[in-house]
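Asker: Please read through the structure below; I'll follow up with questions.
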Amino acid sequence: MNRSGQWVVNTIDTGSEEVSEECTVNKYIDTDVNTQFIDGDEVYSFYVYTGGILYGYQDKNTFVPLIDLSSCSVSGNIEAVGIGENNIKIASTYGMSVLRKNDARVEEKVITLRLSDSARYRNAIEKYRTEHSDTRIVIESQNSSEIMMQEDIPDIIIADRYTDIIHLIKMGAFEDIYQYISDDQAFSDVYMKNIVDSFSDNGQLFVFPIDFIVRGLSIYSDEDIDEKTFCFEDFERMTGTGRYDFYNIIDLFLLDGNKAFIDYNELSSDYTGDDFTRLLDIWKKTLDSQDEYSVLDEWLYVKSAKDWSSSKNHCFVGVPSSTGNDYYIQSDNMFMISGNSANKEECISFLKFLLEEETQKELHNGFSFPVNKNLYDRCMREIAMETSNEYTEKIKNITEGPLVAYIQNNRVRNIIFDELYQYEFDERSATEAAAVIQNKVKLYMSESLEK
């Protein structure tokens, strides 16, 4: 078998998977010392991967070099290997690597990718690679939340809602996706424009949601509540009707899109106003209550929309403030392109592939709403079949109406919750706690977000 030449990583799939014959290999190595494989006339009982070289153990402490993989990026403890003429499949503790010989005659495009949920994208990545033979996708890490520094950003990040990316957005780390898709009418017809546009920032789009959920307040009450006019006073008035799930609701009120408290465009914050101190007072009053929850921080998604239809005394309202109420949306699959990427057009090609209906079906987990229009319409038809057309129209009025994108900022959230604990145990008044929060958030924004 000819193993000379340079070998390169074709894809790395960071999920756990066993090596199988569908790899088109004709030799198989396993780390079990009782398993042997035959390579020509040689028999090896096990193998070792060190210094970029894969060795087979023969006998009498004799290790035979089998193949040079030093040009590849293979990490973790190697568990199994399949060897073919032009490809090798390696299973390690960090995932699966598929390697192939580098053909210098083919100009190859390399896309580095970081994911929050690699298993979910495994089939989509493999399909894209098959359809784009000149493109190599390398998954750098399984956890996108590890990204903290601008210089560490790969070509593409697909992040969940818990990933702290606000500071990277404000530092200009990501490419404006609008400039690549604004003139592509065919692509614009594929996705839900109100959802994508809600993530825009001053006419630029740094985050493209692959799916979405809606966050708001679920209210269980016998009184007639108008979702459109529900305001802060209504929320405050209902305090005595039951215990709020307030550790979550306080988080919901402090969503980073809530302009009543923080404005990332202006890099300004105001946690000393009446709304915030009133919110702290309401929170404090509910801590000792033992009543059942009547107001909950909840998500609107495919299953919850069906479940809520059976409750006559349930309504789902936006988050109230002094200016009214807003429904917020979050995404567990936020697609971003590095401003330093050398293959931005290929990144856009991959984005369009992820928005195709067949790919969205593969990615859709039945939890969140898909952004693809056709698949979204299909979800709505399913909801209508299990509920009613009238009820489904109420859901559509929310999901297809004005929404505020929520991109979580863990640093601001931690500042607020640290002070809430001080306030909870009477070490500070509401006004004092609000003043400390304001000073710390202001300092964070000036030190971390100003260019």
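Within each chain, counting starts at residue 1; across the structure tokens, chains are named A, B, ... in the order shown, with ligands numbered 1 upward in that order.
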Do a neighbour search on region 325-341 of chain A at 7 Å with only C-alpha atoms, toss out local chain neighbours closer than 4 positions, and write the hits as number ranges by chain.
Answerer: A: 153-161, 173-175, 206-216, 230-231, 318-321, 347, 403-407
Asker: From the options A:Met171, A:Val436, A:Leu113, A:Ala305, which residue's atoms come nearest to Tyr391 (chain A), counting only C-alpha atoms?
Answerer: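 Looking only at the distances to Tyr391 (chain A), the closest residue turns out to be A:Ala305.
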Asker: When you count only C-alpha atoms, which of these residues is closest to Tyr423 (chain A): A:Lys284, A:Arg136, A:Arg114, A:Lys373?
Answerer: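 Distance minimum relative to Tyr423 (chain A) lands on A:Lys284.
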Asker: Counting only C-alpha atoms, which residue out of A:Glu450, A:Glu357, A:Glu346, A:Glu382 sits closest to Pro370 (chain A)?
Answerer: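 Nearest candidate to Pro370 (chain A) out of A:Glu450, A:Glu357, A:Glu346, A:Glu382: A:Glu357.
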Asker: What is the distance, in Å and to one decimal place, between CA of Phe425 (chain A) and CA of Ala260 (chain A)?
Answerer: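 Separation between CA of Phe425 (chain A) and CA of Ala260 (chain A): 26.2 Å.
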Asker: Give the strand (DSSP E) residues of region 319-394 of chain A, as assigned by DSSP on the backbone, as a ChimeraX atom specification.
Answerer: /A:319-321,324-326,328-330,334-337,369-370
